[in-house]
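What follows is the content of target.cif (mmCIF, C-alpha atoms).
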```
data_coords
#
loop_
_atom_site.group_PDB
_atom_site.id
_atom_site.type_symbol
_atom_site.label_atom_id
_atom_site.label_comp_id
_atom_site.auth_asym_id
_atom_site.auth_seq_id
_atom_site.Cartn_x
_atom_site.Cartn_y
_atom_site.Cartn_z
ATOM 1 C CA MET A 1126 15.607 8.254 20.473
ATOM 2 C CA LYS A 1127 13.378 11.340 20.492
ATOM 3 C CA ASN A 1128 14.241 14.471 18.582
ATOM 4 C CA ASP A 1129 12.985 17.953 19.261
ATOM 5 C CA GLY A 1130 14.364 19.949 16.354
ATOM 6 C CA LYS A 1131 12.015 21.259 13.672
ATOM 7 C CA LYS A 1132 14.861 21.153 11.138
ATOM 8 C CA MET A 1133 15.573 17.509 11.958
ATOM 9 C CA ASN A 1134 11.848 16.673 11.719
ATOM 10 C CA ALA A 1135 11.701 18.337 8.294
ATOM 11 C CA GLU A 1136 14.688 16.262 7.128
ATOM 12 C CA ILE A 1137 13.120 13.062 8.449
ATOM 13 C CA ILE A 1138 9.777 13.837 6.786
ATOM 14 C CA LYS A 1139 11.549 14.602 3.505
ATOM 15 C CA ALA A 1140 13.295 11.211 3.636
ATOM 16 C CA VAL A 1141 9.966 9.445 4.270
ATOM 17 C CA GLU A 1142 8.302 11.432 1.463
ATOM 18 C CA GLU A 1143 11.045 10.232 -0.893
ATOM 19 C CA ALA A 1144 10.608 6.611 0.226
ATOM 20 C CA SER A 1145 6.836 6.898 -0.182
ATOM 21 C CA GLN A 1146 7.319 8.361 -3.659
ATOM 22 C CA VAL A 1147 9.315 5.246 -4.616
ATOM 23 C CA TRP A 1148 6.204 3.175 -3.844
ATOM 24 C CA ILE A 1149 3.864 5.551 -5.718
ATOM 25 C CA THR A 1150 6.141 5.571 -8.774
ATOM 26 C CA ALA A 1151 6.402 1.763 -8.710
ATOM 27 C CA PHE A 1152 2.621 1.371 -8.378
ATOM 28 C CA ASN A 1153 1.870 3.802 -11.181
ATOM 29 C CA GLY A 1154 4.544 2.046 -13.258
ATOM 30 C CA ARG A 1155 2.819 -1.290 -12.512
ATOM 31 C CA ASN A 1156 5.903 -2.801 -10.887
ATOM 32 C CA ALA A 1157 4.848 -4.966 -7.937
ATOM 33 C CA ALA A 1158 8.418 -5.999 -7.094
ATOM 34 C CA ASP A 1159 9.425 -2.365 -6.645
ATOM 35 C CA CYS A 1160 6.216 -1.721 -4.640
ATOM 36 C CA ALA A 1161 7.152 -4.560 -2.297
ATOM 37 C CA SER A 1162 10.766 -3.384 -2.046
ATOM 38 C CA VAL A 1163 9.726 -0.464 0.186
ATOM 39 C CA TYR A 1164 8.342 -2.902 2.792
ATOM 40 C CA SER A 1165 10.530 -4.555 5.425
ATOM 41 C CA LYS A 1166 10.956 -8.333 5.082
ATOM 42 C CA ASP A 1167 8.524 -8.978 7.931
ATOM 43 C CA ALA A 1168 6.091 -6.115 7.273
ATOM 44 C CA ILE A 1169 2.375 -6.447 7.970
ATOM 45 C CA MET A 1170 -0.168 -4.953 5.587
ATOM 46 C CA LYS A 1171 -3.842 -4.694 6.563
ATOM 47 C CA ALA A 1172 -5.774 -4.042 3.347
ATOM 48 C CA GLU A 1173 -9.463 -3.565 4.121
ATOM 49 C CA PRO A 1174 -11.667 -5.280 3.004
ATOM 50 C CA PHE A 1175 -9.222 -7.774 1.457
ATOM 51 C CA GLY A 1176 -7.274 -9.160 4.400
ATOM 52 C CA GLU A 1177 -3.966 -9.077 6.206
ATOM 53 C CA TYR A 1178 -0.684 -9.923 4.467
ATOM 54 C CA LYS A 1179 2.538 -10.788 6.245
ATOM 55 C CA GLY A 1180 5.954 -10.588 4.677
ATOM 56 C CA ARG A 1181 7.322 -8.913 1.575
ATOM 57 C CA LYS A 1182 6.482 -11.858 -0.723
ATOM 58 C CA ALA A 1183 2.781 -11.930 0.242
ATOM 59 C CA ILE A 1184 2.595 -8.151 -0.052
ATOM 60 C CA GLN A 1185 4.190 -8.280 -3.512
ATOM 61 C CA GLU A 1186 1.651 -10.861 -4.673
ATOM 62 C CA PHE A 1187 -1.196 -8.680 -3.393
ATOM 63 C CA TRP A 1188 0.073 -5.646 -5.325
ATOM 64 C CA GLN A 1189 0.742 -7.761 -8.411
ATOM 65 C CA GLY A 1190 -2.889 -8.856 -8.416
ATOM 66 C CA LEU A 1191 -4.074 -5.257 -8.384
ATOM 67 C CA ILE A 1192 -1.707 -3.611 -10.820
ATOM 68 C CA VAL A 1193 -1.555 -6.362 -13.413
ATOM 69 C CA LYS A 1194 -4.335 -4.707 -15.396
ATOM 70 C CA SER A 1195 -6.179 -1.396 -15.552
ATOM 71 C CA ILE A 1196 -5.268 0.143 -12.178
ATOM 72 C CA SER A 1197 -3.050 3.216 -12.027
ATOM 73 C CA ASP A 1198 -2.589 6.848 -11.097
ATOM 74 C CA VAL A 1199 -2.593 6.512 -7.322
ATOM 75 C CA LYS A 1200 -2.459 9.864 -5.551
ATOM 76 C CA TYR A 1201 -2.245 10.761 -1.864
ATOM 77 C CA THR A 1202 -4.051 13.812 -0.451
ATOM 78 C CA ASN A 1203 -4.473 15.235 3.052
ATOM 79 C CA ILE A 1204 -1.132 13.731 4.046
ATOM 80 C CA LYS A 1205 -0.214 13.915 7.730
ATOM 81 C CA TYR A 1206 3.119 12.936 9.273
ATOM 82 C CA GLN A 1207 3.740 12.068 12.887
ATOM 83 C CA VAL A 1208 7.448 11.935 13.725
ATOM 84 C CA GLU A 1209 7.725 9.566 16.668
ATOM 85 C CA SER A 1210 11.526 9.476 16.779
ATOM 86 C CA ASP A 1211 14.541 9.877 14.511
ATOM 87 C CA ASP A 1212 13.801 6.375 13.235
ATOM 88 C CA VAL A 1213 9.971 6.110 13.155
ATOM 89 C CA VAL A 1214 7.410 8.170 11.228
ATOM 90 C CA LYS A 1215 3.709 7.459 10.816
ATOM 91 C CA LEU A 1216 1.888 8.686 7.735
ATOM 92 C CA SER A 1217 -1.884 8.938 7.223
ATOM 93 C CA ALA A 1218 -3.690 10.205 4.126
ATOM 94 C CA SER A 1219 -6.591 9.838 1.732
ATOM 95 C CA TRP A 1220 -5.911 8.183 -1.611
ATOM 96 C CA THR A 1221 -7.437 7.882 -5.064
ATOM 97 C CA MET A 1222 -6.632 5.782 -8.110
ATOM 98 C CA MET A 1223 -8.049 5.109 -11.543
ATOM 99 C CA VAL A 1224 -9.581 1.714 -12.311
ATOM 100 C CA GLY A 1225 -10.541 0.335 -15.709
ATOM 101 C CA SER A 1226 -9.929 1.628 -19.183
ATOM 102 C CA GLY A 1227 -11.762 3.500 -21.899
ATOM 103 C CA ASP A 1228 -15.423 4.197 -21.113
ATOM 104 C CA ASP A 1229 -15.220 1.953 -18.016
ATOM 105 C CA LYS A 1230 -12.534 4.072 -16.342
ATOM 106 C CA LYS A 1231 -13.499 5.442 -12.933
ATOM 107 C CA MET A 1232 -11.869 6.871 -9.833
ATOM 108 C CA ILE A 1233 -11.979 5.008 -6.532
ATOM 109 C CA GLY A 1234 -10.466 5.922 -3.205
ATOM 110 C CA GLY A 1235 -9.997 5.243 0.431
ATOM 111 C CA GLU A 1236 -8.019 6.023 3.538
ATOM 112 C CA ILE A 1237 -4.526 5.235 4.738
ATOM 113 C CA TYR A 1238 -4.976 4.914 8.468
ATOM 114 C CA GLU A 1239 -1.309 4.248 9.146
ATOM 115 C CA GLU A 1240 1.869 3.712 7.209
ATOM 116 C CA LYS A 1241 4.606 3.112 9.756
ATOM 117 C CA TRP A 1242 7.982 3.963 8.242
ATOM 118 C CA GLU A 1243 11.109 2.880 10.098
ATOM 119 C CA ARG A 1244 14.731 3.678 9.374
ATOM 120 C CA THR A 1245 16.552 0.367 8.821
ATOM 121 C CA GLU A 1246 19.944 -0.714 7.501
ATOM 122 C CA GLU A 1247 18.254 -0.798 4.073
ATOM 123 C CA GLY A 1248 16.921 2.752 4.451
ATOM 124 C CA TRP A 1249 13.354 3.835 5.249
ATOM 125 C CA LYS A 1250 10.988 0.853 5.061
ATOM 126 C CA LEU A 1251 7.294 0.307 5.654
ATOM 127 C CA THR A 1252 6.934 -2.046 8.610
ATOM 128 C CA PHE A 1253 3.171 -1.655 8.973
ATOM 129 C CA ASP A 1254 0.585 -0.511 6.427
ATOM 130 C CA HIS A 1255 -3.133 -0.199 7.212
ATOM 131 C CA PHE A 1256 -5.459 1.153 4.550
ATOM 132 C CA GLU A 1257 -9.045 0.821 3.431
ATOM 133 C CA GLN A 1258 -10.608 0.922 0.008
ATOM 134 C CA LYS A 1259 -13.968 2.671 0.323
ATOM 135 C CA GLU A 1260 -15.306 2.522 -3.227
ATOM 136 C CA ASN A 1261 -17.042 -0.351 -5.051
ATOM 137 C CA PHE A 1262 -14.195 -2.338 -6.535
ATOM 138 C CA THR A 1263 -13.296 -5.901 -5.673
ATOM 139 C CA PRO A 1264 -10.647 -7.830 -7.568
ATOM 140 C CA ARG A 1265 -12.155 -11.200 -8.404
ATOM 141 C CA PHE A 1266 -9.291 -13.156 -6.840
ATOM 142 C CA PHE A 1267 -10.552 -12.046 -3.417
ATOM 143 C CA LYS A 1268 -13.346 -14.293 -2.211
ATOM 144 C CA ALA A 1269 -15.740 -13.111 0.473
ATOM 145 C CA SER A 1270 -14.347 -15.692 2.888
ATOM 146 C CA GLN A 1271 -10.798 -14.465 2.328
ATOM 147 C CA SER A 1272 -11.647 -10.831 2.968
ATOM 148 C CA LYS A 1273 -11.995 -11.495 6.704
ATOM 149 C CA SER A 1274 -9.141 -13.977 6.988
ATOM 150 C CA GLU A 1275 -5.425 -13.550 7.147
ATOM 151 C CA ALA A 1276 -3.343 -14.267 4.085
ATOM 152 C CA THR A 1277 0.239 -15.297 4.676
ATOM 153 C CA GLU A 1278 2.977 -15.992 2.199
ATOM 154 C CA GLU A 1279 1.668 -19.536 1.836
ATOM 155 C CA GLN A 1280 -1.991 -18.468 1.417
ATOM 156 C CA THR A 1281 -1.663 -15.705 -1.140
ATOM 157 C CA PRO A 1282 -3.392 -16.177 -4.498
ATOM 158 C CA SER A 1283 -1.189 -17.278 -7.362
ATOM 159 C CA PRO A 1284 -0.244 -14.562 -9.863
ATOM 160 C CA SER A 1285 -2.281 -16.334 -12.578
ATOM 161 C CA SER A 1286 -5.441 -15.911 -10.508
ATOM 162 C CA SER A 1287 -4.595 -12.320 -9.590
ATOM 163 C CA ILE A 1288 -6.484 -10.517 -12.332
ATOM 164 C CA PRO A 1289 -8.604 -7.648 -11.094
ATOM 165 C CA HIS A 1290 -12.253 -7.305 -11.988
ATOM 166 C CA VAL A 1291 -13.833 -3.892 -12.168
ATOM 167 C CA GLY A 1292 -17.402 -3.657 -10.966
ATOM 168 C CA HIS A 1293 -19.596 -4.205 -7.983
ATOM 169 C CA PRO A 1294 -18.829 -7.154 -5.714
ATOM 170 C CA SER A 1295 -21.311 -9.996 -5.946
#
```
Output the structure of this file as structure tokens.
Amino acid sequence: MKNDGKKMNAEIIKAVEEASQVWITAFNGRNAADCASVYSKDAIMKAEPFGEYKGRKAIQEFWQGLIVKSISDVKYTNIKYQVESDDVVKLSASWTMMVGSGDDKKMIGGEIYEEKWERTEEGWKLTFDHFEQKENFTPRFFKASQSKSEATEEQTPSPSSSIPHVGHPS
């Protein structure tokens, strides 16, 4: 269903902003379960250069591997919303986050090419998420061979191996 009203678009965008803020707050609070809760059960996340993740469980394990240690303070800038209907909004933006601690702390960033938010019975959920990390940071649980492959719920690294490593990829 298409909508043409600016007021309705503003209300829809506000609802998506609030849903997106739930994810940002969860990430900055290092809570992977809450990060994953904003995704639909069958969501697809394309995380360049790491791979593609299908389903809330695989997505949660990905986020757990990143936030378990020394990653925080994600911020979105240059946010753009495209209201496609009363029930679908696409978001694009640039992002930054802090990696490391103490003297090793640095800022990295990238692009969100598309977050597709859809209104569901559970509220606004991410059904598709495509982003790219553009700075030199590769968590060690991602092997070069995995970065080009698809990871599904069965192929995701175990939480014990999901400890990020700050530095240049080898």
**Asked** At what distance in Å, to one decimal, does atom CA of A:Pro1174 lie from atom CA of A:Phe1187?
**Response** 12.7 Å
**Message:** Using the chain letters and numbers from this file, what does the PyMOL selection byres ((chain A and resi 1243) around 10) select? Give the answer as a PyMOL selection string.
**Reply:** chain A and resi 1141+1164-1165+1209-1215+1240-1242+1244-1246+1248-1253
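Rounded to one decimal, atom CA of A:Lys1171 and atom CA of A:Glu1136 lie 28.0 Å from each other.
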**Item:** Residues in the PyMOL selection byres ((chain A and resi 1256) around 7), expressed as a ChimeraX atom specification
**Value:** /A:1171-1173,1236-1239,1254-1255,1257-1258
Would you save the residues from that selection as a compact mmCIF listing (two decimals), in the frame of the given file, using C-alpha atoms?
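Listing of again.txt after writing:
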```
# COMPACT_ATOMS: atom_id res chain seq x y z
CA LYS A 1171 -3.84 -4.69 6.56
CA ALA A 1172 -5.77 -4.04 3.35
CA GLU A 1173 -9.46 -3.56 4.12
CA GLU A 1236 -8.02 6.02 3.54
CA ILE A 1237 -4.53 5.24 4.74
CA TYR A 1238 -4.98 4.91 8.47
CA GLU A 1239 -1.31 4.25 9.15
CA ASP A 1254 0.58 -0.51 6.43
CA HIS A 1255 -3.13 -0.20 7.21
CA GLU A 1257 -9.04 0.82 3.43
CA GLN A 1258 -10.61 0.92 0.01
```
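Of note, atom CA of A:Lys1205 and atom CA of A:Lys1182 are spaced 27.9 Å apart.
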**Request:** Check the smallest atom-to-atom distance from each of A:Ser1145, A:Ala1135, A:Ile1192, A:Lys1179 to A:Leu1216 using all atoms listed in the file, then report the winner.
**Result:** A:Ser1145
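For the structure shown here, the set of residues caught by the PyMOL selection byres ((chain A and resi 1224) around 9) is A:Lys1194, A:Ser1195, A:Ile1196, A:Ser1197, A:Asp1198, A:Met1222, A:Met1223, A:Gly1225, A:Ser1226, A:Asp1229, A:Lys1230, A:Lys1231, A:Met1232, A:Ile1233, A:Phe1262, A:Val1291.
For the residues A:Met1133, A:Ile1149, A:Ala1144, A:Ala1158, ranking by smallest atom-to-atom distance to A:Gln1185 using only C-alpha atoms places A:Ala1158 first.
Restricting the calculation to all atoms listed in the file, the smallest distance between A:Ile1204 and any of A:Lys1259, A:Ser1162, A:Glu1142, A:Asn1134 is found for A:Glu1142.
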Around all the atoms of stretch 1188-1197 of chain A listed in the file, with 8 Å of room on each side, what axis-aligned box do you get, giving centre and edge lengths in Å to one decimal, as AutoDock Vina command-line options?
```
--center_x -2.7 --center_y -2.8 --center_z -10.4 --size_x 22.9 --size_y 28.1 --size_z 26.2
```
